[in-house]
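Asks: Here it is: the structure, laid out below.
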Amino acid sequence: QVQLVESGGGLVQAGGSLRLSCAASGRIFSINTMGWYRQAPGKQRELVAVITSGGTTNYVDSVKGRFTISRDNAKNMVYLQMNSLKPEDTAAYYCYAELYSGRWRDYWGQGTQVTVSS
């Protein structure tokens, strides 16, 4: 079984920083794209950042210049460094990975809550 487990969420004041981590474990042969989505109450889930196996990154406009996605391929981990946090960044953050475990498919973590107070 493949599992993605996030950590690092919490409560922070506006302007502060948090670092999210996500570890993929289980019967994994290869990982392509990894990334982070978020979902705020009453809103649709939105893509925050993605990173390919080669290190190419992409971000939603609202976090460009503030968030940085990175990954450690040897450890099957992806990170999201979030700086200059704003109250509108408050959401549940979900890690995902497109990986091969017998077949290619997307896997999701259970989410970690990020709350930014004003």
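In the structure tokens, chains take the letters A, B, ... in the order shown, each chain's residues start at 1, and ligands count up from 1 in the order shown.
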Run DSSP on the backbone of this structure and report the residues of chain A it assigns to helix (DSSP H, G or I), as a ChimeraX atom specification.
Replies: /A:61-63,87-89
Asks: Tell me which protein, DNA and RNA residues are within 12 Å of Asp61 (chain A), counting only C-alpha atoms, leaving out same-chain ones fewer than 6 positions away, and put them as JSON, numbers by chain.
Replies: {"A": [46, 47, 48, 49, 67]}
Asks: Could you name the residues that touch Lys86 (chain A) at 7 Å or less, counting only C-alpha atoms, but leaving out those on the same chain fewer than 2 positions away, as a PyMOL selection string?
Replies: chain A and resi 14-15+84+88-89+116
Asks: Restrict the selected residues to all heavy atoms and save them as a PDB file, in the first residue's frame.
Replies:
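Output file out_16.pdb is given in full below:
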```pdb
ATOM      1  N   ALA A  14      -0.050  36.309  10.665  1.00  0.00           N
ATOM      2  CA  ALA A  14       0.208  36.864   9.331  1.00  0.00           C
ATOM      3  C   ALA A  14       1.647  37.378   9.261  1.00  0.00           C
ATOM      4  O   ALA A  14       2.138  38.003  10.206  1.00  0.00           O
ATOM      5  CB  ALA A  14      -0.775  37.972   9.028  1.00  0.00           C
ATOM      6  N   GLY A  15       2.303  37.080   8.151  1.00  0.00           N
ATOM      7  CA  GLY A  15       3.696  37.446   7.983  1.00  0.00           C
ATOM      8  C   GLY A  15       4.667  36.360   8.392  1.00  0.00           C
ATOM      9  O   GLY A  15       5.871  36.458   8.106  1.00  0.00           O
ATOM     10  N   SER A  84       5.818  34.761   4.446  1.00  0.00           N
ATOM     11  CA  SER A  84       4.916  35.915   4.322  1.00  0.00           C
ATOM     12  C   SER A  84       3.465  35.462   4.236  1.00  0.00           C
ATOM     13  O   SER A  84       2.694  35.908   3.371  1.00  0.00           O
ATOM     14  CB  SER A  84       5.287  36.744   3.092  1.00  0.00           C
ATOM     15  OG  SER A  84       6.624  37.183   3.151  1.00  0.00           O
ATOM     16  N   GLU A  88      -5.573  34.732   3.973  1.00  0.00           N
ATOM     17  CA  GLU A  88      -6.210  34.036   2.845  1.00  0.00           C
ATOM     18  C   GLU A  88      -5.497  32.746   2.463  1.00  0.00           C
ATOM     19  O   GLU A  88      -5.985  31.985   1.628  1.00  0.00           O
ATOM     20  CB  GLU A  88      -6.338  34.945   1.616  1.00  0.00           C
ATOM     21  CG  GLU A  88      -5.070  35.648   1.231  1.00  0.00           C
ATOM     22  CD  GLU A  88      -4.989  37.063   1.775  1.00  0.00           C
ATOM     23  OE1 GLU A  88      -5.327  37.275   2.971  1.00  0.00           O
ATOM     24  OE2 GLU A  88      -4.550  37.951   1.011  1.00  0.00           O
ATOM     25  N   ASP A  89      -4.345  32.471   3.068  1.00  0.00           N
ATOM     26  CA  ASP A  89      -3.665  31.191   2.862  1.00  0.00           C
ATOM     27  C   ASP A  89      -4.243  30.100   3.776  1.00  0.00           C
ATOM     28  O   ASP A  89      -3.877  28.935   3.645  1.00  0.00           O
ATOM     29  CB  ASP A  89      -2.167  31.313   3.136  1.00  0.00           C
ATOM     30  CG  ASP A  89      -1.464  32.225   2.153  1.00  0.00           C
ATOM     31  OD1 ASP A  89      -1.764  32.145   0.938  1.00  0.00           O
ATOM     32  OD2 ASP A  89      -0.612  33.020   2.593  1.00  0.00           O
ATOM     33  N   VAL A 116      -3.803  30.973   9.392  1.00  0.00           N
ATOM     34  CA  VAL A 116      -3.038  32.213   9.497  1.00  0.00           C
ATOM     35  C   VAL A 116      -3.934  33.267  10.125  1.00  0.00           C
ATOM     36  O   VAL A 116      -4.974  33.627   9.554  1.00  0.00           O
ATOM     37  CB  VAL A 116      -2.534  32.681   8.127  1.00  0.00           C
ATOM     38  CG1 VAL A 116      -1.649  33.919   8.297  1.00  0.00           C
ATOM     39  CG2 VAL A 116      -1.771  31.570   7.418  1.00  0.00           C
TER      40      VAL A 116
END
```
Asks: Mind checking which residues fall within 7 Å of Ile69 (chain A), counting only C-alpha atoms, ignoring those fewer than 5 positions away in the same chain, and posting them as a PyMOL selection string?
Replies: chain A and resi 49+51+79-81
Asks: Distance CA of Tyr100 (chain A)-CA of Val78 (chain A), one decimal place?
Replies: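 So the answer is 16.3 Å.
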Asks: Expressed in Å to a single decimal, how great is the separation between CA of Ala97 (chain A) and CA of Leu11 (chain A)?
Replies: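 Computed distance, CA of Ala97 (chain A) to CA of Leu11 (chain A), equals 25.4 Å.
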Asks: What does the structure give for the distance between CA of Tyr107 (chain A) and CA of Arg66 (chain A), in Å to one decimal?
Replies: 25.9 Å
Asks: Pick out the residues sitting within 7 Å of Thr52 (chain A), and hand them over as a PDB file with C-alpha atoms, in the first residue's frame; count only C-alpha atoms, and ignore anything fewer than 3 positions along from it in its own chain.
Replies:
```pdb
ATOM      1  CA  ASN A  32       6.673  11.716 -11.522  1.00  0.00           C
ATOM      2  CA  THR A  33       4.997  14.936 -10.425  1.00  0.00           C
ATOM      3  CA  MET A  34       4.498  15.848  -6.783  1.00  0.00           C
ATOM      4  CA  GLY A  55      12.788  19.847 -10.668  1.00  0.00           C
ATOM      5  CA  THR A  56      10.583  22.054 -12.832  1.00  0.00           C
ATOM      6  CA  THR A  57       8.166  24.012 -10.657  1.00  0.00           C
TER       7      THR A  57
END
```
Asks: Quick one: residues within 7 Å of Thr90 (chain A), only C-alpha atoms, excluding same-chain residues fewer than 6 positions away - as a PyMOL selection string?
Replies: chain A and resi 40+114-116
Asks: Kindly save the residues from that selection, with C-alpha atoms included, as a PDB file, in the first residue's frame.
Replies:
```pdb
ATOM      1  CA  ALA A  40     -10.466  26.526   2.222  1.00  0.00           C
ATOM      2  CA  VAL A 114      -2.745  25.759   8.033  1.00  0.00           C
ATOM      3  CA  THR A 115      -4.354  28.665   9.858  1.00  0.00           C
ATOM      4  CA  VAL A 116      -3.038  32.213   9.497  1.00  0.00           C
TER       5      VAL A 116
END
```
Asks: Set the distance at 9 Å and use only C-alpha atoms: which residues neighbour Pro41 (chain A) once local chain neighbours fewer than 3 positions away are removed? I'd like the list as a list in words.
Replies: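 Answer for this query is Gln44, Ala91 and Ala92 of chain A.
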Asks: Restricting the output to C-alpha atoms, write the selected residues as a compact mmCIF listing (two decimals), in the first residue's frame.
Replies:
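To be explicit, this is the file written out as selection_24.txt:
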```
# COMPACT_ATOMS: atom_id res chain seq x y z
CA GLN A 44 -12.94 24.42 -4.33
CA ALA A 91 -6.79 26.10 4.30
CA ALA A 92 -6.28 22.39 4.52
```
Asks: Return as JSON, numbers by chain the full set of residues in region 21-57 of chain A whose backbone-based DSSP assignment is strand (DSSP E).
Replies: {"A": [21, 22, 23, 24, 25, 30, 31, 32, 33, 34, 35, 36, 37, 38, 39, 46, 47, 48, 49, 50, 51, 57]}
Asks: Closest to Gly16 (chain A) among A:Trp104, A:Asn83, A:Cys95, A:Ser30, using only C-alpha atoms?
Replies: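 Smallest distance to Gly16 (chain A) is found for A:Asn83.
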Asks: Go through A:Leu99, A:Ile31, A:Val5, A:Leu85 and flag the residue nearest Ser62 (chain A), using only C-alpha atoms for the distances.
Replies: A:Leu85
Asks: Check the smallest atom-to-atom distance from each of A:Tyr37, A:Cys22, A:Val2, A:Thr68 to Arg105 (chain A) using only C-alpha atoms, then report the winner.
Replies: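 Closest candidate: A:Val2.
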Asks: So, counting only C-alpha atoms, which residue among A:Ser21, A:Thr112, A:Val60, A:Tyr94 is closest to Trp36 (chain A)?
Replies: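 Counting only C-alpha atoms, the residue closest to Trp36 (chain A) is A:Tyr94.
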